[in-house]
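Encoded as structure tokens, the structure appears first; notes follow it.
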Amino acid sequence: MTQRLCILAIVLLCGATCVPAATLAVVFTNNGGPLEDPSIGRFYVYDPERPEDHLAWGNAARAATVEDGTYDIVIVYDQDQVQAERKLEAVELAGEMILDADFELAVAKLTLDVTSDGAAVDFRTARYGLHRAGRRGRPLVERRPGRQITILEGVYDVEVTYHTGDGLETRWIEGLVVAGDRYEQLEIGAAVAWLRVEVRENGTLLGGQRGRFSVHRPGREKERLAEAGSGQTLRLPPGAYDIRVFDTGREARSERWLRAVEIRGREDRVVDLGLKQATVRIDVRRRGRRVSRAGFRVYRAGGETPVAAGRSGDSIELDEGRYDVRCFHRNGSLRAESWLRDQEIVGDTRLTVELELRRVELRVRPSGRFDPRDSTLHVVLDSSADMGTRLDSRTRMETAAQGLSRAVQELGGDKLELGLRAFGIAPLSRHNCRDSTLLIPPAPLDRRTTASTLQLLRPTGHAAIAYALEQAADDLSPARRNTMLLLTGSVERCDGEPCAVAARLLREGRIERLHVIGLGLNDNRTAELRCAGEFHGVGSERELRAALGRILDEAARAETGSVSVLTAGGREWVAGGALDSSIELAAGTYDVVIHDGGRTHMWKNLHIDEDLDAIAGPTPPSE
């Protein structure tokens, strides 16, 4: 009755010109809870026939009034870097209407402070930017130190830049898991890379006022980070840069770009602007077809340091001159490489390299002298920030802990000793590249202790893989058959060389086998791990448990020994297997490490041109 009286009163007051009005209110929530600020949620009412401009708007605290009718409604959530939008079409509005809008957004807040020698830096000289994990370029958002960023929960790489008297320093926090309210503090240390460029013109050294060079982010020519004169030295954070070398003289203004130059430690370059530039395209082929995944490196003729690198089909710029070109390709245990020596590169040059990849088999039989020894499996587990990224419904860390716990529970027999060492436990902000902790010394299998220890790990720190492998080898007894398992969802983050370390441990006989499980890693991130040991790429807990089952079962068996095939010179692992098994290789020259019943043999520079069946011993079969 009251409602009818109100409507009648409105009609009498408005007369014939009064049009029925509708009131729309929207109740905003996020994951069922109220918004911190009503202005975060807004909505707009549009005429479907005229969508270019809204008729009315409102927010969580303000309703909108329009004539009764049919409208399109756009509902917006906008909080700093978190935006979401929904559109409702052809909504009938009449009288008072209330809509519920729950956005179900995982919103996080990050605050980062930058300190130098423990003191906060002047916020005007520094900034930090967020990038999606694994992606560089323009940041999603930038802030001054101490300023908060609101963003969707996830894993990000954080770039921190800081101006000093010598130029610009940059630090990266990689794989930072941002969830809830997160606070990070970054201590910026001194730069540890130096770049010196001598600028010449037809062999004549130019002075620092005329010959200049500047440093830029790769692909961002307009963003100059630092500049210096010919012969001067710039202090920079280690990394890849584009370098512009130029002559400011009035008569001849010339320049040269050096692209994607890796600067580690001290880098000295001599650039002669008077020399002509050549463009060379290098095609790597096998049986006449281009191998797209093959790579190449270019050296000055007789030199040992590459001056350029790329993939098959790439074109690169070089000073005209004579060069050596190394082309290479790997497919599992099959590796092939070929050299073009003393090539003259002038003008536009095209080089085609044919790789020979001929399959052979190596079988090394035991000598017959069997020294039975018990086995140890030492697990080197990644607990770095990269393990906080998701794989299926869990993080990589949760998947690794659960899979390893179950595999250990299902392992039969008690002859196998198990050890556990983790790296990446220290907070990421400490930049600790000596972060390796022995959690369980190698000992008879204790399933309960192993499971409870794994549950305590949280992904936080840096991936110092090479250092952790070194430390893990020191945990092992030389009187046992030692197998090492590296379980990681990351790649080396501390300038170590996992492949070189692993190869040396095999050569020295400190371990017999090394297995590497790459958890959720794509092909682009596994190259530096595949040359460390037998690689198992897994993308789910089910695949992880299957791989762990095979590795644990092999480690528990009392085999007579194993064979590891390394590149000539022993820098990288190529293939491996048990004694008396067939190992597939590409024809070529290798170092072969043999563990035969407690003895270690090294066959150096063994040329395998056809199938080879040999007996283990100190002397290679060719001698």
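In the structure tokens, chains take the letters A, B, ... in the order shown, each chain's residues start at 1, and ligands count up from 1 in the order shown.
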
message: as a list in words, please: the residues near Asp386 in chain A (cut-off 6 Å, only C-alpha atoms, same-chain neighbours under 3 positions excluded).
response: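 Once the nearby chain positions are removed, what remains is Gly175, Thr389 and Ser490 of chain A.
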
Could you please take those selected residues and save N, CA and C atoms as a tab-separated table (two decimals), in the first residue's frame?
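Final output, out-v4.tsv:
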chain	number	residue	atom	x	y	z
A	175	GLY	N	62.37	-14.81	-10.29
A	175	GLY	CA	61.46	-15.81	-9.76
A	175	GLY	C	60.87	-15.44	-8.41
A	389	THR	N	57.00	-21.42	-8.62
A	389	THR	CA	56.06	-21.34	-9.74
A	389	THR	C	55.24	-22.61	-9.80
A	490	SER	N	64.88	-25.00	-11.98
A	490	SER	CA	65.55	-23.75	-12.33
A	490	SER	C	66.79	-24.07	-13.16

task: Pick out each residue of range 397-458 of chain A that DSSP on the backbone tags as strand (DSSP E); I need them as a ChimeraX atom specification.
output: /A:417-423,436-444

Residues within 9 Å of Arg363 in chain A, only C-alpha atoms, excluding chain neighbours under 2 positions, as a compact mmCIF listing (two decimals) with C-alpha atoms, in the first residue's frame:
# COMPACT_ATOMS: atom_id res chain seq x y z
CA GLU A 361 77.33 -47.90 -30.56
CA ARG A 365 82.16 -54.96 -20.81
CA VAL A 563 80.30 -45.80 -18.30
CA LEU A 579 78.69 -51.59 -17.99
CA ASP A 580 77.74 -54.08 -20.69
CA SER A 581 74.97 -51.82 -22.03
CA SER A 582 74.87 -50.25 -25.51
CA ILE A 583 75.39 -46.50 -25.65
CA ASP A 611 80.60 -49.75 -33.41
CA LEU A 612 83.05 -50.50 -30.59
CA ASP A 613 82.93 -53.47 -28.18
CA ALA A 614 85.71 -53.33 -25.58
CA ILE A 615 86.73 -54.67 -22.16

Can you tell me which residues surround range 19-31 of chain A at a distance of at most 9 Å, considering only C-alpha atoms, apart from same-chain residues fewer than 6 positions away, and format the answer as a compact mmCIF listing (two decimals) with N, CA, C and O atoms, in the first residue's frame?
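Result file is selection-v7.txt:
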# COMPACT_ATOMS: atom_id res chain seq x y z
N PRO A 38 35.87 1.70 -1.92
CA PRO A 38 34.72 1.63 -2.85
C PRO A 38 35.04 2.08 -4.26
O PRO A 38 34.41 1.63 -5.21
N ILE A 40 37.47 1.31 -6.02
CA ILE A 40 38.10 0.25 -6.80
C ILE A 40 37.09 -0.37 -7.77
O ILE A 40 37.43 -0.76 -8.88
N GLY A 41 35.84 -0.45 -7.34
CA GLY A 41 34.80 -1.03 -8.19
C GLY A 41 33.92 0.05 -8.80
O GLY A 41 33.40 0.93 -8.09
N ARG A 42 33.74 0.01 -10.13
CA ARG A 42 32.87 0.98 -10.80
C ARG A 42 32.01 0.23 -11.83
O ARG A 42 32.36 -0.87 -12.26
N PHE A 43 30.91 0.86 -12.21
CA PHE A 43 30.10 0.29 -13.27
C PHE A 43 29.54 1.42 -14.13
O PHE A 43 29.38 2.57 -13.68
N GLY A 58 28.31 4.44 -11.60
CA GLY A 58 28.26 4.36 -10.15
C GLY A 58 29.43 3.54 -9.65
O GLY A 58 30.25 3.05 -10.42
N ASN A 59 29.55 3.43 -8.32
CA ASN A 59 30.57 2.57 -7.74
C ASN A 59 29.98 1.85 -6.54
O ASN A 59 28.77 1.83 -6.37
N ALA A 60 30.88 1.25 -5.72
CA ALA A 60 30.37 0.45 -4.61
C ALA A 60 29.55 1.27 -3.62
O ALA A 60 28.74 0.72 -2.88
N ALA A 61 29.76 2.59 -3.61
CA ALA A 61 29.04 3.44 -2.65
C ALA A 61 28.02 4.35 -3.34
O ALA A 61 27.39 5.17 -2.67
N ARG A 62 27.84 4.24 -4.63
CA ARG A 62 26.98 5.17 -5.36
C ARG A 62 26.15 4.42 -6.39
O ARG A 62 26.69 3.71 -7.23
N ALA A 63 24.85 4.58 -6.32
CA ALA A 63 23.95 3.96 -7.30
C ALA A 63 23.83 4.87 -8.53
O ALA A 63 24.21 6.04 -8.51
N ALA A 64 23.33 4.30 -9.63
CA ALA A 64 23.11 5.05 -10.86
C ALA A 64 21.62 5.03 -11.19
O ALA A 64 20.92 4.03 -10.96
N THR A 65 21.12 6.15 -11.74
CA THR A 65 19.69 6.27 -12.08
C THR A 65 19.55 6.52 -13.58
O THR A 65 20.21 7.41 -14.13
N VAL A 66 18.70 5.73 -14.22
CA VAL A 66 18.39 5.89 -15.64
C VAL A 66 16.91 5.62 -15.85
O VAL A 66 16.20 5.17 -14.95
N GLU A 67 16.43 5.92 -17.05
CA GLU A 67 15.05 5.59 -17.37
C GLU A 67 14.89 4.07 -17.45
O GLU A 67 15.83 3.35 -17.75
N ASP A 68 13.68 3.60 -17.16
CA ASP A 68 13.40 2.18 -17.35
C ASP A 68 13.72 1.80 -18.79
O ASP A 68 13.43 2.54 -19.73
N GLY A 69 14.33 0.64 -18.95
CA GLY A 69 14.62 0.19 -20.31
C GLY A 69 15.66 -0.92 -20.31
O GLY A 69 15.99 -1.51 -19.28
N ILE A 75 31.02 -3.64 -15.80
CA ILE A 75 31.44 -3.60 -14.40
C ILE A 75 32.97 -3.73 -14.38
O ILE A 75 33.54 -4.63 -14.98
N TYR A 77 36.76 -3.59 -12.22
CA TYR A 77 37.60 -3.62 -11.02
C TYR A 77 38.93 -2.97 -11.40
O TYR A 77 39.59 -3.42 -12.34
N LEU A 93 16.25 -2.88 -16.87
CA LEU A 93 16.29 -2.10 -15.63
C LEU A 93 14.94 -1.47 -15.39
O LEU A 93 14.39 -0.78 -16.26
N ALA A 94 14.38 -1.72 -14.21
CA ALA A 94 13.10 -1.13 -13.81
C ALA A 94 13.04 -1.13 -12.29
O ALA A 94 13.40 -2.12 -11.65
N GLY A 95 12.64 -0.04 -11.72
CA GLY A 95 12.57 0.07 -10.27
C GLY A 95 13.96 0.02 -9.66
O GLY A 95 14.93 0.51 -10.24
N GLU A 96 14.07 -0.56 -8.50
CA GLU A 96 15.35 -0.66 -7.81
C GLU A 96 15.94 -2.04 -8.07
O GLU A 96 15.31 -3.06 -7.82
N MET A 97 17.19 -2.05 -8.59
CA MET A 97 17.85 -3.32 -8.87
C MET A 97 19.22 -3.34 -8.21
O MET A 97 19.90 -2.32 -8.13
N ILE A 98 19.59 -4.51 -7.74
CA ILE A 98 20.90 -4.71 -7.09
C ILE A 98 21.59 -5.90 -7.77
O ILE A 98 21.01 -6.97 -7.91
N LEU A 99 22.80 -5.69 -8.24
CA LEU A 99 23.60 -6.75 -8.84
C LEU A 99 24.77 -7.08 -7.93
O LEU A 99 25.37 -6.19 -7.31
N ASP A 100 25.12 -8.35 -7.86
CA ASP A 100 26.29 -8.79 -7.12
C ASP A 100 27.44 -9.01 -8.10
O ASP A 100 27.27 -9.65 -9.14
N ALA A 101 28.62 -8.50 -7.77
CA ALA A 101 29.80 -8.66 -8.62
C ALA A 101 30.97 -9.13 -7.77
O ALA A 101 31.54 -8.35 -7.01
N ASP A 102 31.31 -10.41 -7.89
CA ASP A 102 32.47 -10.96 -7.18
C ASP A 102 33.52 -11.31 -8.23
O ASP A 102 33.26 -12.09 -9.14
N PHE A 103 34.72 -10.71 -8.11
CA PHE A 103 35.69 -10.83 -9.18
C PHE A 103 36.63 -12.03 -9.04
O PHE A 103 37.28 -12.42 -10.00
N GLU A 104 36.81 -12.59 -7.86
CA GLU A 104 37.65 -13.77 -7.67
C GLU A 104 39.07 -13.53 -8.20
O GLU A 104 39.64 -14.33 -8.93
N LEU A 105 39.65 -12.38 -7.84
CA LEU A 105 41.01 -12.03 -8.26
C LEU A 105 41.99 -12.28 -7.11
O LEU A 105 41.72 -11.91 -5.97
N ALA A 106 43.11 -12.91 -7.41
CA ALA A 106 44.15 -13.13 -6.41
C ALA A 106 45.06 -11.90 -6.40
O ALA A 106 46.00 -11.79 -7.19

field: Selected residue, from A:Met602, A:Leu377, A:Val160, A:Val325, that lies nearest to Ser477 in chain A when counting only C-alpha atoms
entry: A:Leu377

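You will find CA of Val574 in chain A at 21.1 Å from CA of Tyr467 in chain A.
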
query: Could you work out how far CA of Asp268 in chain A lies from CA of Arg210 in chain A, giving the answer in Å with one decimal?
result: 18.8 Å

- request: For His536 in chain A, work out the shell of residues within 9 Å, counting only C-alpha atoms and skipping chain neighbours fewer than 3 positions away, then give it as a PyMOL selection string.
  value: chain A and resi 515-519+530+544+547

query: Do you have the CA of Arg212 in chain A-CA of Ile345 in chain A distance handy?
result: 26.6 Å

- request: Just the residues within 9 Å of Asp283 in chain A, please, counting only C-alpha atoms, with nothing from its chain fewer than 5 positions along; format it as a ChimeraX atom specification.
  value: /A:290-292,294,311-314,350-354

Store the residues picked out above in a file with C-alpha atoms, as an mmCIF file, in the first residue's frame.
data_model
loop_
_atom_site.group_PDB
_atom_site.id
_atom_site.type_symbol
_atom_site.label_atom_id
_atom_site.label_comp_id
_atom_site.auth_asym_id
_atom_site.auth_seq_id
_atom_site.Cartn_x
_atom_site.Cartn_y
_atom_site.Cartn_z
ATOM 1 C CA ARG A 290 68.772 -26.915 -42.672
ATOM 2 C CA VAL A 291 68.941 -27.852 -38.992
ATOM 3 C CA SER A 292 67.026 -25.017 -37.315
ATOM 4 C CA ALA A 294 71.857 -26.084 -34.667
ATOM 5 C CA ARG A 311 71.542 -20.241 -34.705
ATOM 6 C CA SER A 312 71.370 -21.796 -38.131
ATOM 7 C CA GLY A 313 69.985 -19.283 -40.633
ATOM 8 C CA ASP A 314 70.948 -16.194 -38.608
ATOM 9 C CA ARG A 350 76.882 -16.883 -47.008
ATOM 10 C CA LEU A 351 78.387 -19.991 -45.467
ATOM 11 C CA THR A 352 76.847 -23.449 -45.537
ATOM 12 C CA VAL A 353 78.129 -26.106 -43.160
ATOM 13 C CA GLU A 354 77.256 -29.781 -43.514
#

field: Contact residues around range 447-464 of chain A with only C-alpha atoms at 10 Å, ignoring same-chain residues under 6 positions, as number ranges by chain
entry: A: 173-177, 381-389, 395-398, 400-402, 404-411, 418-420, 422-436, 439-440, 488-498
